[in-house]
$ cat work.cif   # mmCIF, C-alpha atoms
data_entry
loop_
_atom_site.label_atom_id
_atom_site.label_comp_id
_atom_site.auth_asym_id
_atom_site.auth_seq_id
_atom_site.Cartn_x
_atom_site.Cartn_y
_atom_site.Cartn_z
CA MET W 219 49.80 12.33 138.08
CA LYS W 220 49.46 11.57 134.38
CA THR W 221 51.60 13.28 131.74
CA THR W 222 50.92 13.21 128.01
CA GLU W 223 52.12 14.77 124.78
CA ARG W 224 49.66 15.51 122.00
CA GLU W 225 49.32 17.55 118.85
CA LEU W 226 46.58 20.14 118.46
CA GLU W 227 45.68 21.51 115.06
CA THR W 228 46.09 25.28 114.68
CA PRO W 229 45.34 27.46 111.63
CA ASP W 230 49.07 27.22 110.85
CA GLY W 231 49.60 23.51 111.36
CA PRO W 232 50.06 21.08 114.25
CA MET W 233 51.26 22.30 117.65
CA ARG W 234 52.81 20.07 120.30
CA VAL W 235 51.31 20.35 123.78
CA TYR W 236 52.77 18.87 126.96
CA GLU W 237 50.13 18.07 129.57
CA ALA W 238 50.09 17.03 133.21
CA ALA W 239 46.94 16.13 135.11
CA PRO W 240 46.54 15.33 138.80
CA ASP W 241 45.23 12.05 140.11
CA GLY W 242 41.52 12.49 140.70
CA ASP W 243 39.48 15.55 139.83
CA ALA W 244 41.32 18.76 138.92
CA LYS W 245 40.19 21.99 140.57
CA GLY W 246 40.85 23.96 137.39
CA ALA W 247 43.11 24.16 134.36
CA VAL W 248 46.25 26.18 133.65
CA ILE W 249 47.86 27.04 130.31
CA VAL W 250 51.63 27.29 130.84
CA ILE W 251 53.30 29.69 128.41
CA GLN W 252 56.95 29.09 127.67
CA GLU W 253 59.98 31.30 127.99
CA ALA W 254 61.77 32.40 124.82
CA PHE W 255 63.65 29.09 124.91
CA GLY W 256 60.72 26.81 124.15
CA VAL W 257 58.87 24.12 126.07
CA ASN W 258 62.05 22.78 127.66
CA ASP W 259 62.55 20.60 130.73
CA TYR W 260 61.98 23.60 133.01
CA ILE W 261 58.60 24.45 131.47
CA GLU W 262 57.61 20.79 131.54
CA ASP W 263 58.59 20.67 135.21
CA VAL W 264 56.49 23.76 135.94
CA THR W 265 53.58 22.07 134.17
CA ARG W 266 53.96 19.07 136.49
CA ARG W 267 54.15 21.39 139.50
CA PHE W 268 50.73 22.75 138.63
CA ALA W 269 49.41 19.19 138.44
CA ASP W 270 50.90 18.55 141.89
CA ALA W 271 48.92 21.60 143.06
CA GLY W 272 45.70 20.07 141.70
CA TYR W 273 45.45 21.69 138.27
CA HIS W 274 45.21 20.15 134.81
CA ALA W 275 48.09 21.94 133.07
CA ALA W 276 48.93 22.26 129.38
CA ALA W 277 52.03 23.83 127.82
CA PRO W 278 51.70 24.61 124.08
CA SER W 279 54.85 24.90 121.96
CA LEU W 280 54.50 28.33 120.39
CA PHE W 281 57.42 28.00 117.97
CA HIS W 282 55.67 25.40 115.82
CA ARG W 283 55.54 27.71 112.80
CA THR W 284 59.35 27.73 112.58
CA GLY W 285 59.94 24.07 113.33
CA GLY W 286 59.55 24.12 117.10
CA GLY W 287 62.16 22.77 119.45
CA VAL W 288 64.05 24.23 122.38
CA ALA W 289 67.19 26.31 122.71
CA ASP W 290 69.94 26.48 125.34
CA TYR W 291 69.83 29.52 127.57
CA ASP W 292 72.77 31.05 125.69
CA SER W 293 71.46 30.37 122.15
CA PHE W 294 70.09 33.84 121.49
CA ASP W 295 70.48 33.76 117.70
CA LYS W 296 68.03 30.87 117.43
CA VAL W 297 65.65 32.50 119.90
CA ILE W 298 65.62 35.81 118.03
CA GLU W 299 64.80 33.97 114.80
CA TRP W 300 61.90 32.10 116.43
CA ILE W 301 60.43 35.14 118.17
CA GLY W 302 60.79 37.17 114.99
CA ALA W 303 58.22 34.88 113.38
CA LEU W 304 55.61 35.38 116.11
CA THR W 305 52.61 37.67 115.83
CA ASP W 306 49.97 38.55 118.39
CA ASP W 307 47.27 37.08 116.14
CA GLY W 308 49.20 33.82 115.93
CA LEU W 309 49.82 33.71 119.67
CA LEU W 310 46.13 34.27 120.38
CA ALA W 311 45.22 31.55 117.89
CA ASP W 312 47.52 29.10 119.70
CA VAL W 313 46.03 30.00 123.07
CA ASP W 314 42.50 29.73 121.67
CA VAL W 315 43.21 26.22 120.40
CA THR W 316 44.57 25.27 123.82
CA ILE W 317 41.50 26.74 125.54
CA ASP W 318 39.26 24.74 123.18
CA HIS W 319 41.16 21.60 124.12
CA LEU W 320 40.71 22.29 127.83
CA ARG W 321 37.02 22.93 127.25
CA SER W 322 36.85 19.45 125.71
CA GLN W 323 38.34 18.13 128.96
CA GLY W 324 35.39 19.57 130.90
CA PHE W 325 36.63 23.02 131.97
CA ASP W 326 34.68 26.19 131.30
CA ASP W 327 36.46 29.47 130.59
CA LYS W 328 36.28 30.74 134.18
CA GLN W 329 38.02 27.55 135.35
CA ILE W 330 40.97 28.16 133.01
CA GLY W 331 44.01 30.24 133.96
CA ILE W 332 47.18 31.17 132.08
CA VAL W 333 50.68 31.56 133.55
CA GLY W 334 53.72 32.59 131.52
CA PHE W 335 57.41 33.28 131.96
CA CYS W 336 59.69 35.75 130.16
CA MET W 337 58.23 35.99 126.64
CA GLY W 338 55.26 34.08 128.03
CA GLY W 339 54.63 36.76 130.63
CA ARG W 340 53.75 39.20 127.86
CA VAL W 341 51.49 36.58 126.27
CA THR W 342 49.49 36.31 129.50
CA PHE W 343 48.86 40.07 129.45
CA LEU W 344 47.84 39.90 125.79
CA VAL W 345 45.36 37.13 126.61
CA ALA W 346 44.06 38.99 129.68
CA ALA W 347 43.38 42.05 127.53
CA ARG W 348 41.74 40.22 124.62
CA ARG W 349 40.08 37.18 126.22
CA ALA W 350 37.85 36.58 129.26
CA ILE W 351 39.12 33.55 131.16
CA GLY W 352 39.55 32.86 134.86
CA ALA W 353 42.98 34.26 135.74
CA GLY W 354 46.38 35.24 134.40
CA VAL W 355 49.86 35.48 135.92
CA GLY W 356 52.94 36.89 134.20
CA PHE W 357 56.48 36.34 135.44
CA TYR W 358 58.82 39.12 134.19
CA GLY W 359 56.98 39.65 130.91
CA GLY W 360 58.99 42.01 128.74
CA GLY W 361 57.53 44.11 125.95
CA ILE W 362 54.32 45.10 127.72
CA VAL W 363 55.40 48.74 128.11
CA THR W 364 58.50 49.00 125.89
CA PRO W 365 58.32 46.80 122.76
CA ARG W 366 61.21 44.43 122.07
CA PHE W 367 60.24 43.27 118.59
CA PRO W 368 58.66 45.50 115.94
CA GLN W 369 55.79 43.13 115.17
CA LEU W 370 54.85 42.73 118.87
CA ALA W 371 53.37 46.07 119.90
CA ARG W 372 53.29 47.49 123.41
CA LEU W 373 50.23 46.38 125.36
CA VAL W 374 50.08 48.79 128.29
CA ASP W 375 47.57 50.95 126.41
CA GLU W 376 45.07 48.08 126.67
CA ALA W 377 45.26 47.98 130.47
CA ASP W 378 41.87 49.58 131.03
CA ALA W 379 40.24 46.96 128.77
CA LEU W 380 41.59 43.99 130.74
CA GLN W 381 39.03 41.17 130.79
CA THR W 382 40.89 38.63 132.93
CA PRO W 383 42.29 39.11 136.48
CA TRP W 384 46.06 39.50 136.08
CA LEU W 385 49.02 39.28 138.48
CA GLY W 386 52.42 40.58 137.34
CA LEU W 387 55.69 39.54 139.04
CA PHE W 388 58.89 41.47 138.30
CA GLY W 389 62.48 41.74 139.51
CA ASP W 390 64.01 45.14 140.23
CA ARG W 391 67.37 43.91 138.89
CA ASP W 392 65.91 42.89 135.54
CA THR W 393 67.97 44.92 133.06
CA GLY W 394 65.45 44.27 130.29
CA ILE W 395 62.40 45.54 132.18
CA PRO W 396 63.19 48.82 133.96
CA VAL W 397 61.45 49.56 137.24
CA GLU W 398 60.03 52.65 135.53
CA ASP W 399 58.21 50.39 133.07
CA VAL W 400 56.82 48.27 135.90
CA GLU W 401 55.54 51.35 137.68
CA GLN W 402 54.02 52.72 134.47
CA LEU W 403 52.19 49.42 134.09
CA ARG W 404 51.02 49.55 137.71
CA GLU W 405 49.63 53.05 137.17
CA ALA W 406 47.87 52.03 133.96
CA LEU W 407 46.23 49.08 135.68
CA VAL W 408 44.50 51.33 138.21
CA SER W 409 41.72 51.83 135.64
CA ALA W 410 41.48 48.14 134.70
CA SER W 411 38.02 46.59 134.90
CA ALA W 412 39.46 43.27 136.15
CA ALA W 413 41.37 42.60 139.37
CA THR W 414 45.13 43.22 139.08
CA GLU W 415 48.24 43.20 141.23
CA ILE W 416 51.90 44.06 140.59
CA VAL W 417 54.66 42.62 142.79
CA ARG W 418 58.32 43.68 142.64
CA TYR W 419 61.23 41.71 144.06
CA PRO W 420 64.18 43.97 144.98
CA GLU W 421 66.87 41.28 144.72
CA ALA W 422 65.58 39.46 141.63
CA GLU W 423 66.85 39.52 138.05
CA HIS W 424 65.12 38.42 134.86
CA GLY W 425 64.40 34.70 135.00
CA PHE W 426 64.41 34.55 138.79
CA HIS W 427 61.88 31.71 138.92
CA CYS W 428 63.85 29.37 136.65
CA ASP W 429 66.06 27.02 138.64
CA ARG W 430 68.02 26.16 135.47
CA ARG W 431 69.33 29.71 135.13
CA ASP W 432 72.07 31.55 137.01
CA ALA W 433 69.51 34.29 137.73
CA HIS W 434 67.43 31.92 139.88
CA HIS W 435 66.57 33.63 143.17
CA PRO W 436 65.01 31.05 145.48
CA GLU W 437 63.31 33.44 147.90
CA SER W 438 61.66 35.46 145.12
CA ALA W 439 60.81 32.31 143.18
CA ASP W 440 59.14 30.68 146.18
CA ASP W 441 57.14 33.80 146.98
CA GLY W 442 56.11 34.22 143.34
CA TRP W 443 54.96 30.61 143.15
CA ARG W 444 52.98 30.96 146.37
CA ARG W 445 51.30 34.11 145.05
CA THR W 446 50.59 32.41 141.71
CA LEU W 447 48.82 29.48 143.34
CA GLY W 448 46.92 31.87 145.59
CA TRP W 449 45.81 33.96 142.62
CA LEU W 450 44.64 30.87 140.74
CA ASP W 451 42.88 29.42 143.79
CA THR W 452 41.06 32.73 144.32
CA HIS W 453 39.99 33.44 140.76
CA LEU W 454 39.47 29.93 139.40
CA GLY W 455 37.71 28.77 142.56
#
$ encode --input "work.cif" --output "structure tokens"
Amino acid sequence: MKTTERELETPDGPMRVYEAAPDGDAKGAVIVIQEAFGVNDYIEDVTRRFADAGYHAAAPSLFHRTGGGVADYDSFDKVIEWIGALTDDGLLADVDVTIDHLRSQGFDDKQIGIVGFCMGGRVTFLVAARRAIGAGVGFYGGGIVTPRFPQLARLVDEADALQTPWLGLFGDRDTGIPVEDVEQLREALVSASAATEIVRYPEAEHGFHCDRRDAHHPESADDGWRRTLGWLDTHLG
């Protein structure tokens, strides 16, 4: 495996990207979208896990407009400030730049997937609705049905226009994403033109995949990771 850090130029300045590539030929590419706490050691580890699974993975730092960096899992004031500066247009621009970079590495759009966690889970749905790439997976993406920040609108109304196959993974004990919201999203996705699936984990809280958080739930995390790799293998293959 080879890991690198690089800067990509966006319309709003340089953006750090952490990359991991497998030894030998990659079977596809994955954009890893951070939690609300930045591209921290957990997100970098997830990026390497995708490389271990045979994918060329890239994790863009989406907070570059406000100085970038990472925050501890209890530093909510800093996180709220960073997220408050995000817009959907800016997020899409960052993803587009990352897609262009992966194209330059030899991947076409149908070989590129996107996987995000927490805040990043919503970003994957945004991309799936507005862009046509190979696959998307969102872990506990909040704000898709009930907005959390005024400048980041709800996205569920775009479900029928989905262009990218999308898998959503949610925990029933997530106090920030009610089960009712998850089921509303499931119902909306029935009319989607792309393949979709919603999975709920009865014992899981928000952040259940992250082994740096108290909410980590190994059984749900392992199943979610298995489903993620299966979804990517199916749709990027």
$ closest_atom_pairs --input "work.cif" --of "segment 366-445 of chain W" --to "segment 347-351 of chain W" --cutoff "6 Å" --atoms "all atoms listed in the file" --output "CSV"
residue,atom,partner,partner_atom,distance
W:Ala379,CA,W:Ala347,CA,6.0
W:Leu380,CA,W:Ala347,CA,4.2
W:Gln381,CA,W:Ala350,CA,5.0
W:Thr382,CA,W:Ala350,CA,5.2
$ closest_atom_pairs --input "work.cif" --of "segment 335-440 of chain W" --to "segment 287-310 of chain W" --cutoff "8 Å" --atoms "only C-alpha atoms" --output "tab-separated table"
residue	atom	partner	partner_atom	distance
W:Val341	CA	W:Leu309	CA	7.4
W:Leu344	CA	W:Asp306	CA	7.8
W:Val345	CA	W:Leu310	CA	6.9
W:Phe367	CA	W:Gly302	CA	7.1
W:Gln369	CA	W:Thr305	CA	6.4
W:Leu370	CA	W:Thr305	CA	6.3
W:Arg431	CA	W:Tyr291	CA	7.6
$ resolve_selection --input "work.cif" --expression "the PyMOL selection byres ((chain W and resi 440) around 12)" --output "list of chain:residue names"
W:Leu387, W:Tyr419, W:Ala422, W:Phe426, W:His427, W:Cys428, W:Asp429, W:His434, W:His435, W:Pro436, W:Glu437, W:Ser438, W:Ala439, W:Asp441, W:Gly442, W:Trp443, W:Arg444, W:Arg445, W:Thr446, W:Leu447
$ closest_residue --input "work.cif" --among "W:Asp243, W:Glu405, W:Glu421, W:Glu415" --to "Leu385 of chain W" --atoms "all atoms listed in the file"
W:Glu415
$ atom_distance --input "work.cif" --atom1 "atom CA of Pro278 of chain W" --atom2 "atom CA of Ile249 of chain W"
7.7 Å
$ residues_around --input "work.cif" --residues "Lys220 of chain W" --least-positions-apart "5" --cutoff "12 Å" --atoms "all atoms listed in the file" --output "list in words"
Tyr236, Glu237, Ala238, Ala239, Pro240, Asp241, Gly242, Ala244, Thr265, Arg266, Ala269, Asp270, Gly272, Tyr273, His274, Ala275 and Ala276 of chain W
$ write_last_selection --input "work.cif" --atoms "C-alpha atoms" --output "mmCIF file, in the coordinates of the input"
data_model
loop_
_atom_site.group_PDB
_atom_site.id
_atom_site.type_symbol
_atom_site.label_atom_id
_atom_site.label_comp_id
_atom_site.auth_asym_id
_atom_site.auth_seq_id
_atom_site.Cartn_x
_atom_site.Cartn_y
_atom_site.Cartn_z
ATOM 1 C CA TYR W 236 52.770 18.870 126.960
ATOM 2 C CA GLU W 237 50.130 18.070 129.570
ATOM 3 C CA ALA W 238 50.090 17.030 133.210
ATOM 4 C CA ALA W 239 46.940 16.130 135.110
ATOM 5 C CA PRO W 240 46.540 15.330 138.800
ATOM 6 C CA ASP W 241 45.230 12.050 140.110
ATOM 7 C CA GLY W 242 41.520 12.490 140.700
ATOM 8 C CA ALA W 244 41.320 18.760 138.920
ATOM 9 C CA THR W 265 53.580 22.070 134.170
ATOM 10 C CA ARG W 266 53.960 19.070 136.490
ATOM 11 C CA ALA W 269 49.410 19.190 138.440
ATOM 12 C CA ASP W 270 50.900 18.550 141.890
ATOM 13 C CA GLY W 272 45.700 20.070 141.700
ATOM 14 C CA TYR W 273 45.450 21.690 138.270
ATOM 15 C CA HIS W 274 45.210 20.150 134.810
ATOM 16 C CA ALA W 275 48.090 21.940 133.070
ATOM 17 C CA ALA W 276 48.930 22.260 129.380
#
$ closest_residue --input "work.cif" --among "W:Ser409, W:Asn258, W:Thr452, W:Gln252" --to "Val333 of chain W" --atoms "only C-alpha atoms"
W:Gln252
$ atom_distance --input "work.cif" --atom1 "atom CA of Phe281 of chain W" --atom2 "atom CA of Ile362 of chain W"
19.9 Å
$ resolve_selection --input "work.cif" --expression "the PyMOL selection byres ((chain W and resi 247) around 10)" --output "JSON list (two decimals) with C-alpha atoms, in the frame of the given file"
[["chain", "number", "residue", "atom", "x", "y", "z"],
["W", 239, "ALA", "CA", 46.94, 16.13, 135.11],
["W", 244, "ALA", "CA", 41.32, 18.76, 138.92],
["W", 245, "LYS", "CA", 40.19, 21.99, 140.57],
["W", 246, "GLY", "CA", 40.85, 23.96, 137.39],
["W", 248, "VAL", "CA", 46.25, 26.18, 133.65],
["W", 249, "ILE", "CA", 47.86, 27.04, 130.31],
["W", 250, "VAL", "CA", 51.63, 27.29, 130.84],
["W", 268, "PHE", "CA", 50.73, 22.75, 138.63],
["W", 269, "ALA", "CA", 49.41, 19.19, 138.44],
["W", 272, "GLY", "CA", 45.70, 20.07, 141.70],
["W", 273, "TYR", "CA", 45.45, 21.69, 138.27],
["W", 274, "HIS", "CA", 45.21, 20.15, 134.81],
["W", 275, "ALA", "CA", 48.09, 21.94, 133.07],
["W", 276, "ALA", "CA", 48.93, 22.26, 129.38],
["W", 317, "ILE", "CA", 41.50, 26.74, 125.54],
["W", 320, "LEU", "CA", 40.71, 22.29, 127.83],
["W", 321, "ARG", "CA", 37.02, 22.93, 127.25],
["W", 323, "GLN", "CA", 38.34, 18.13, 128.96],
["W", 324, "GLY", "CA", 35.39, 19.57, 130.90],
["W", 325, "PHE", "CA", 36.63, 23.02, 131.97],
["W", 326, "ASP", "CA", 34.68, 26.19, 131.30],
["W", 327, "ASP", "CA", 36.46, 29.47, 130.59],
["W", 328, "LYS", "CA", 36.28, 30.74, 134.18],
["W", 329, "GLN", "CA", 38.02, 27.55, 135.35],
["W", 330, "ILE", "CA", 40.97, 28.16, 133.01],
["W", 331, "GLY", "CA", 44.01, 30.24, 133.96],
["W", 332, "ILE", "CA", 47.18, 31.17, 132.08],
["W", 352, "GLY", "CA", 39.55, 32.86, 134.86],
["W", 450, "LEU", "CA", 44.64, 30.87, 140.74],
["W", 454, "LEU", "CA", 39.47, 29.93, 139.40]]
$ atom_distance --input "work.cif" --atom1 "atom CA of Val363 of chain W" --atom2 "atom CA of Gln402 of chain W"
7.6 Å
$ closest_residue --input "work.cif" --among "W:Val257, W:Val355, W:Val374, W:Leu280" --to "Asp399 of chain W" --atoms "only C-alpha atoms"
W:Val374
$ closest_residue --input "work.cif" --among "W:Asp451, W:Ala254, W:Gly394, W:Asp432" --to "Gly286 of chain W" --atoms "only C-alpha atoms"
W:Ala254
$ closest_residue --input "work.cif" --among "W:Gly455, W:Gly285, W:Pro383, W:Pro232" --to "Gly354 of chain W" --atoms "only C-alpha atoms"
W:Pro383
$ closest_residue --input "work.cif" --among "W:Gly389, W:Gly231, W:Gly361, W:Pro368" --to "Ser279 of chain W" --atoms "all atoms listed in the file"
W:Gly231
$ residues_around --input "work.cif" --residues "Gly356 of chain W" --least-positions-apart "2" --cutoff "10 Å" --atoms "all atoms listed in the file" --output "list in words"
Ile251, Ile332, Val333, Gly334, Phe335, Cys336, Met337, Gly338, Gly339, Arg340, Val341, Thr342, Phe343, Gly354, Tyr358, Gly359, Gly360, Trp384, Leu385, Gly386, Leu387, Phe388, Ile416 and Thr446 of chain W
